[in-house]
$ cat data20.cif   # mmCIF, C-alpha atoms
data_target
#
loop_
_atom_site.label_atom_id
_atom_site.label_comp_id
_atom_site.auth_asym_id
_atom_site.auth_seq_id
_atom_site.Cartn_x
_atom_site.Cartn_y
_atom_site.Cartn_z
CA MET A 1 113.79 35.08 60.14
CA GLY A 2 114.63 37.80 57.63
CA THR A 3 110.96 38.60 57.19
CA LEU A 4 110.51 38.83 60.94
CA VAL A 5 113.39 41.27 61.24
CA LYS A 6 111.92 43.43 58.49
CA VAL A 7 108.58 43.54 60.27
CA ILE A 8 110.18 44.49 63.56
CA VAL A 9 112.35 47.18 61.96
CA GLY A 10 109.36 48.50 60.04
CA GLY A 11 107.36 48.66 63.24
CA PHE A 12 110.20 50.55 64.90
CA ILE A 13 110.27 53.09 62.09
CA LEU A 14 106.52 53.61 62.38
CA LEU A 15 106.91 54.11 66.12
CA VAL A 16 109.63 56.72 65.65
CA VAL A 17 107.60 58.54 63.01
CA GLY A 18 104.53 58.44 65.26
CA CYS A 19 106.43 59.85 68.23
CA GLY A 20 107.95 62.52 66.01
CA ALA A 21 104.51 63.56 64.80
CA ILE A 22 103.21 63.77 68.36
CA LEU A 23 106.19 65.91 69.41
CA PHE A 24 105.77 68.13 66.36
CA PHE A 25 102.09 68.78 67.03
CA ALA A 26 102.76 69.29 70.75
CA HIS A 27 105.49 71.83 69.94
CA LYS A 28 103.25 73.62 67.45
CA ALA A 29 100.35 73.71 69.91
CA GLY A 30 102.59 75.17 72.61
CA ASN A 31 104.07 77.75 70.26
CA ASP A 32 100.64 78.76 68.96
CA VAL A 33 99.19 79.39 72.43
CA GLN A 34 102.21 81.51 73.36
CA GLU A 35 101.91 83.57 70.18
CA ASP A 36 98.15 84.03 70.62
CA PHE A 37 98.64 85.10 74.23
CA TYR A 38 101.29 87.73 73.54
CA THR A 39 99.43 89.04 70.49
CA ALA A 40 96.48 89.72 72.82
CA VAL A 41 98.70 91.15 75.58
CA LEU A 42 100.45 93.60 73.25
CA SER A 43 97.14 94.68 71.69
CA GLY A 44 96.39 96.60 74.89
CA ASP A 45 92.86 95.18 74.89
CA VAL A 46 92.11 93.60 78.27
CA ALA A 47 88.99 91.90 76.90
CA LYS A 48 91.06 90.03 74.29
CA VAL A 49 93.36 88.63 76.96
CA LYS A 50 90.55 87.69 79.33
CA ALA A 51 88.74 85.96 76.48
CA GLN A 52 91.59 83.42 76.58
CA PHE A 53 91.17 82.84 80.33
CA HIS A 54 89.31 79.99 81.95
CA PRO A 55 86.34 81.43 83.92
CA GLU A 56 87.95 80.53 87.26
CA LEU A 57 91.13 82.42 86.36
CA ALA A 58 89.17 85.41 85.06
CA GLN A 59 87.61 85.80 88.51
CA LYS A 60 91.08 86.08 90.06
CA VAL A 61 92.30 88.87 87.78
CA ASP A 62 91.02 92.45 88.04
CA ASP A 63 90.87 94.37 84.77
CA PRO A 64 92.92 97.41 85.96
CA VAL A 65 95.72 95.19 87.34
CA LEU A 66 95.87 93.14 84.15
CA ALA A 67 95.91 96.38 82.13
CA ALA A 68 98.90 97.64 84.18
CA TRP A 69 100.78 94.38 83.59
CA MET A 70 100.02 94.44 79.87
CA LYS A 71 101.26 98.02 79.69
CA ALA A 72 104.50 97.05 81.44
CA VAL A 73 105.10 94.16 79.04
CA LYS A 74 104.62 96.41 76.02
CA ARG A 75 106.77 99.20 77.48
CA ASP A 76 109.64 97.11 78.87
CA LEU A 77 109.73 94.09 76.53
CA GLY A 78 108.32 95.46 73.31
CA ALA A 79 107.19 93.48 70.29
CA PHE A 80 106.96 89.69 70.54
CA LYS A 81 109.44 87.97 68.20
CA GLY A 82 108.63 84.32 68.94
CA MET A 83 109.67 81.45 71.16
CA SER A 84 113.29 80.33 71.32
CA ALA A 85 113.79 76.85 69.84
CA SER A 86 116.10 75.85 72.70
CA ASN A 87 114.62 74.54 75.96
CA PHE A 88 111.08 74.90 74.64
CA LYS A 89 108.81 72.27 76.14
CA THR A 90 105.16 71.42 75.62
CA SER A 91 103.22 68.68 77.36
CA ILE A 92 99.72 67.50 76.54
CA ASN A 93 97.83 65.43 79.09
CA GLN A 94 94.32 64.09 79.26
CA THR A 95 92.91 64.63 82.75
CA SER A 96 89.54 64.03 84.37
CA ASN A 97 88.87 67.76 83.88
CA GLY A 98 89.79 67.81 80.20
CA SER A 99 92.79 68.24 77.91
CA GLU A 100 95.67 70.07 79.64
CA VAL A 101 98.46 71.77 77.70
CA THR A 102 101.52 73.22 79.44
CA SER A 103 103.90 75.33 77.36
CA LYS A 104 107.25 76.49 78.77
CA GLY A 105 110.13 78.28 77.13
CA VAL A 106 111.97 81.52 76.48
CA ALA A 107 109.90 84.19 74.78
CA GLU A 108 111.96 86.59 72.68
CA PHE A 109 110.94 90.23 72.55
CA GLU A 110 112.24 93.38 70.90
CA LYS A 111 113.88 94.57 74.15
CA GLY A 112 114.77 91.34 75.90
CA GLU A 113 113.75 87.83 76.86
CA ALA A 114 111.32 86.30 79.33
CA GLU A 115 110.75 82.87 80.80
CA SER A 116 107.18 82.13 79.83
CA MET A 117 104.81 79.45 81.09
CA LEU A 118 101.23 78.95 80.00
CA LYS A 119 98.89 76.23 81.24
CA LEU A 120 95.62 75.64 79.43
CA LEU A 121 92.63 73.45 80.14
CA ASP A 122 90.46 72.74 77.11
CA ASP A 123 92.08 75.66 75.25
CA LYS A 124 91.52 78.16 78.07
CA ILE A 125 94.38 79.56 80.17
CA VAL A 126 94.24 78.47 83.81
CA ALA A 127 97.68 79.81 84.83
CA TRP A 128 100.54 81.86 83.42
CA GLU A 129 103.91 83.10 84.58
CA VAL A 130 106.31 85.53 82.95
CA LYS A 131 109.75 86.26 84.41
CA SER A 132 112.16 88.75 82.92
CA LYS A 133 114.98 91.01 84.08
CA SER A 134 113.46 93.66 81.83
CA LEU A 135 110.21 93.77 83.81
CA PRO A 136 110.32 95.70 87.11
CA LYS A 137 109.18 93.77 90.17
CA ASN A 138 106.75 96.53 91.12
CA TRP A 139 105.10 96.98 87.72
CA PHE A 140 101.76 97.89 89.35
CA SER A 141 102.81 101.38 90.36
CA SER A 142 99.82 103.54 89.40
CA LEU A 143 96.05 103.42 89.10
CA GLU A 144 94.80 106.30 86.98
CA ASP A 145 91.27 104.97 86.51
CA ALA A 146 89.67 103.64 89.70
CA SER A 147 86.18 103.16 88.24
CA PHE A 148 86.49 99.38 88.58
CA TYR A 149 86.91 99.73 92.37
CA ASP A 150 84.30 102.47 92.53
CA ARG A 151 81.80 99.91 91.23
CA LYS A 152 82.95 97.31 93.74
CA ALA A 153 82.81 99.81 96.60
CA ARG A 154 79.36 101.02 95.58
CA ALA A 155 78.11 97.43 95.43
CA PHE A 156 79.21 96.98 99.04
CA LEU A 157 77.94 100.34 100.27
CA GLY A 158 74.70 99.95 98.33
CA ALA A 159 74.04 96.64 100.08
CA VAL A 160 74.82 98.17 103.47
CA LEU A 161 72.69 101.27 102.96
CA THR A 162 69.71 99.23 101.80
CA GLY A 163 69.95 96.91 104.79
CA ASP A 164 71.23 93.87 102.89
CA ALA A 165 73.51 92.44 105.56
CA GLU A 166 73.98 89.08 103.82
CA THR A 167 75.20 90.49 100.50
CA SER A 168 77.48 93.08 102.09
CA TRP A 169 79.01 90.41 104.34
CA LYS A 170 79.81 88.18 101.36
CA LEU A 171 81.58 91.06 99.57
CA MET A 172 84.11 91.37 102.41
CA HIS A 173 87.37 89.41 102.42
CA PRO A 174 87.51 86.69 105.10
CA ASN A 175 90.28 88.59 106.90
CA LEU A 176 87.91 91.54 107.34
CA GLN A 177 85.05 89.26 108.34
CA ALA A 178 87.33 87.80 111.03
CA LYS A 179 87.65 91.26 112.62
CA LEU A 180 83.88 91.57 112.89
CA LYS A 181 81.21 89.38 114.43
CA ALA A 182 78.83 87.78 111.97
CA GLU A 183 76.02 87.80 114.53
CA ASP A 184 76.47 91.55 115.14
CA TRP A 185 76.68 92.57 111.48
CA PRO A 186 72.91 92.74 110.74
CA GLY A 187 72.44 95.11 113.67
CA ALA A 188 75.33 97.29 112.53
CA VAL A 189 73.89 97.42 109.02
CA LYS A 190 70.50 98.47 110.39
CA ARG A 191 72.06 101.36 112.34
CA ILE A 192 73.99 102.52 109.27
CA GLN A 193 70.87 102.28 107.13
CA GLU A 194 68.91 104.44 109.59
CA ARG A 195 71.73 107.00 109.75
CA TYR A 196 72.05 107.37 105.97
CA LYS A 197 68.45 106.81 104.94
CA ASP A 198 67.64 108.49 101.60
CA GLN A 199 71.18 109.91 101.37
CA THR A 200 73.16 109.98 98.12
CA LEU A 201 76.86 109.14 98.02
CA ALA A 202 79.26 110.87 95.66
CA LEU A 203 82.79 109.73 94.90
CA ASP A 204 85.22 112.41 96.06
CA HIS A 205 88.59 110.86 95.14
CA HIS A 206 90.72 107.74 95.45
CA ASP A 207 94.14 107.22 96.99
CA PHE A 208 96.43 104.55 95.51
CA LYS A 209 99.42 103.26 97.47
CA PRO A 210 102.00 101.72 95.11
CA ALA A 211 104.31 100.21 97.74
CA PRO A 212 103.59 96.47 98.10
CA PRO A 213 101.11 95.39 99.19
CA GLN A 214 99.33 97.90 96.97
CA GLU A 215 96.10 99.44 98.22
CA VAL A 216 93.41 101.75 96.89
CA VAL A 217 91.09 103.66 99.19
CA MET A 218 87.86 105.08 97.78
CA PHE A 219 86.52 108.27 99.42
CA TYR A 220 82.81 109.16 99.34
CA GLY A 221 80.94 112.21 100.53
CA VAL A 222 77.27 112.41 101.42
CA ALA A 223 75.47 114.87 99.18
CA GLY A 224 74.40 118.03 101.00
CA THR A 225 76.34 117.31 104.20
CA GLU A 226 79.79 117.95 105.62
CA GLY A 227 81.91 115.73 107.80
CA ALA A 228 84.19 112.71 107.68
CA PRO A 229 84.02 110.80 104.41
CA ILE A 230 82.93 107.22 103.97
CA THR A 231 85.87 105.10 102.83
CA VAL A 232 86.27 101.62 101.38
CA ARG A 233 89.74 100.05 101.22
CA PHE A 234 90.94 97.37 98.80
CA GLN A 235 94.26 95.59 99.24
CA PHE A 236 95.84 93.69 96.37
CA GLU A 237 96.92 90.08 96.48
CA GLY A 238 98.16 88.65 93.23
CA MET A 239 96.10 90.45 90.60
CA VAL A 240 92.90 91.02 92.55
CA GLY A 241 91.88 93.72 95.03
CA HIS A 242 90.13 92.44 98.17
CA LEU A 243 87.78 94.51 100.32
CA LEU A 244 89.74 94.63 103.56
CA GLY A 245 88.49 97.76 105.27
CA PHE A 246 85.84 100.48 105.45
CA LYS A 247 84.84 103.45 107.58
CA ILE A 248 81.25 104.62 107.82
CA PRO A 249 80.83 107.40 110.40
CA LEU A 250 77.74 107.13 112.61
#
$ encode --input "data20.cif" --output "structure tokens"
Amino acid sequence: MGTLVKVIVGGFILLVVGCGAILFFAHKAGNDVQEDFYTAVLSGDVAKVKAQFHPELAQKVDDPVLAAWMKAVKRDLGAFKGMSASNFKTSINQTSNGSEVTSKGVAEFEKGEAESMLKLLDDKIVAWEVKSKSLPKNWFSSLEDASFYDRKARAFLGAVLTGDAETSWKLMHPNLQAKLKAEDWPGAVKRIQERYKDQTLALDHHDFKPAPPQEVVMFYGVAGTEGAPITVRFQFEGMVGHLLGFKIPL
């Protein structure tokens, strides 16, 4: 009987040690991903942050918007000091899609604190959330460099002006598509193509509206002509700008 008790107690000790090791490694994994994330954020290098993103998340985050958020974190929170030991939770689950790690806790910074959540799938971030009284709600308040949206606008206009109705249609947000008729779009593209055949577009300026929902309108002139500009409008939802409007005078 005494031997049996010893075996049972020994097994219990092994179980406790095993659970403790699992919790330790889970905590360390959660702390490491938080530290890696904020090191990248505070570096100011958008590419370093996006390198940590899962491809699906990367498609939902525009570089200029991410850059504005990173700038706000550095300005209003300052240097990352680490994760608070209290109320720090990390869970590791094996799913049909891969290994999922969720890390939640209070991130301590030079100028304040933030509730921080990171979710990773196979070591790539699929979601994140940062809440802090130190961060303004409307942190996306300016867009100094609109080249990212110039490229997106030119991709749309280039497809239209070369008669590629299918590609230009796909570049529009569904809400804009709903205002048009899919069956009429090829004809409209053909008329635009004929009107602007062999014409060159030049970016004139952009107009950013910081009041939510934020918008940026790109203005283009036709080289060698005068008249109303061609415009392409992007409206922001989350951290991505959607093509929700355009004007092409005929």
$ closest_residue --input "data20.cif" --among "A:Lys74, A:Lys111, A:Lys209, A:Lys104" --to "Phe88 (chain A)" --atoms "all atoms listed in the file"
A:Lys104
$ closest_residue --input "data20.cif" --among "A:Val232, A:Ala188, A:Val126, A:Ala178" --to "His205 (chain A)" --atoms "all atoms listed in the file"
A:Val232
$ atom_distance --input "data20.cif" --atom1 "CA of Ala67 (chain A)" --atom2 "CA of Val41 (chain A)"
8.8 Å
$ closest_residue --input "data20.cif" --among "A:Ala51, A:Leu161, A:Ala146, A:Ala68" --to "Met218 (chain A)" --atoms "all atoms listed in the file"
A:Ala146
$ axis_aligned_box --input "data20.cif" --around "region 29-43 of chain A" --padding-each-side "4 Å" --output "AutoDock Vina command-line options"
--center_x 100.3 --center_y 84.2 --center_z 72.3 --size_x 15.6 --size_y 29.0 --size_z 14.6
$ closest_residue --input "data20.cif" --among "A:Ala72, A:Ala182, A:Ala159, A:Val240" --to "Leu57 (chain A)" --atoms "only C-alpha atoms"
A:Val240
$ closest_residue --input "data20.cif" --among "A:Val130, A:Ala153, A:Val46, A:Leu135" --to "Ala107 (chain A)" --atoms "all atoms listed in the file"
A:Val130
$ atom_distance --input "data20.cif" --atom1 "CA of Asp123 (chain A)" --atom2 "CA of His242 (chain A)"
28.5 Å
$ atom_distance --input "data20.cif" --atom1 "CA of Pro212 (chain A)" --atom2 "CA of Asn138 (chain A)"
7.7 Å
$ residues_near_point --input "data20.cif" --point "(95.8, 91.2, 77.9)" --cutoff "9 Å" --atoms "only C-alpha atoms" --output "PyMOL selection string"
chain A and resi 37-52+66-67+69-71
$ closest_residue --input "data20.cif" --among "A:Leu243, A:Ile248, A:Leu171, A:Ile192" --to "Phe219 (chain A)" --atoms "all atoms listed in the file"
A:Ile248
$ resolve_selection --input "data20.cif" --expression "the PyMOL selection byres ((chain A and resi 206) around 12)" --output "PDB file with C-alpha atoms, keeping the file's coordinate frame"
ATOM      1  CA  SER A 142      99.820 103.540  89.400  1.00  0.00           C
ATOM      2  CA  LEU A 143      96.050 103.420  89.100  1.00  0.00           C
ATOM      3  CA  GLU A 144      94.800 106.300  86.980  1.00  0.00           C
ATOM      4  CA  ASP A 145      91.270 104.970  86.510  1.00  0.00           C
ATOM      5  CA  ALA A 146      89.670 103.640  89.700  1.00  0.00           C
ATOM      6  CA  SER A 147      86.180 103.160  88.240  1.00  0.00           C
ATOM      7  CA  PHE A 148      86.490  99.380  88.580  1.00  0.00           C
ATOM      8  CA  TYR A 149      86.910  99.730  92.370  1.00  0.00           C
ATOM      9  CA  ASP A 150      84.300 102.470  92.530  1.00  0.00           C
ATOM     10  CA  ALA A 153      82.810  99.810  96.600  1.00  0.00           C
ATOM     11  CA  ALA A 202      79.260 110.870  95.660  1.00  0.00           C
ATOM     12  CA  LEU A 203      82.790 109.730  94.900  1.00  0.00           C
ATOM     13  CA  ASP A 204      85.220 112.410  96.060  1.00  0.00           C
ATOM     14  CA  HIS A 205      88.590 110.860  95.140  1.00  0.00           C
ATOM     15  CA  ASP A 207      94.140 107.220  96.990  1.00  0.00           C
ATOM     16  CA  PHE A 208      96.430 104.550  95.510  1.00  0.00           C
ATOM     17  CA  LYS A 209      99.420 103.260  97.470  1.00  0.00           C
ATOM     18  CA  GLU A 215      96.100  99.440  98.220  1.00  0.00           C
ATOM     19  CA  VAL A 216      93.410 101.750  96.890  1.00  0.00           C
ATOM     20  CA  VAL A 217      91.090 103.660  99.190  1.00  0.00           C
ATOM     21  CA  MET A 218      87.860 105.080  97.780  1.00  0.00           C
ATOM     22  CA  PHE A 219      86.520 108.270  99.420  1.00  0.00           C
ATOM     23  CA  TYR A 220      82.810 109.160  99.340  1.00  0.00           C
ATOM     24  CA  GLY A 221      80.940 112.210 100.530  1.00  0.00           C
ATOM     25  CA  PRO A 229      84.020 110.800 104.410  1.00  0.00           C
ATOM     26  CA  ILE A 230      82.930 107.220 103.970  1.00  0.00           C
ATOM     27  CA  THR A 231      85.870 105.100 102.830  1.00  0.00           C
ATOM     28  CA  VAL A 232      86.270 101.620 101.380  1.00  0.00           C
ATOM     29  CA  ARG A 233      89.740 100.050 101.220  1.00  0.00           C
ATOM     30  CA  PHE A 234      90.940  97.370  98.800  1.00  0.00           C
TER      31      PHE A 234
END
$ residues_around --input "data20.cif" --residues "Lys131 (chain A)" --least-positions-apart "4" --cutoff "12 Å" --atoms "all atoms listed in the file" --output "JSON, numbers by chain"
{"A": [73, 77, 104, 105, 106, 107, 108, 112, 113, 114, 115, 116, 117, 135, 136, 137]}
$ resolve_selection --input "data20.cif" --expression "the PyMOL selection byres ((chain A and resi 81) around 9)" --output "list in words"
Glu35, Ala79, Phe80, Gly82, Met83, Ala107, Glu108, Phe109 and Glu110 of chain A
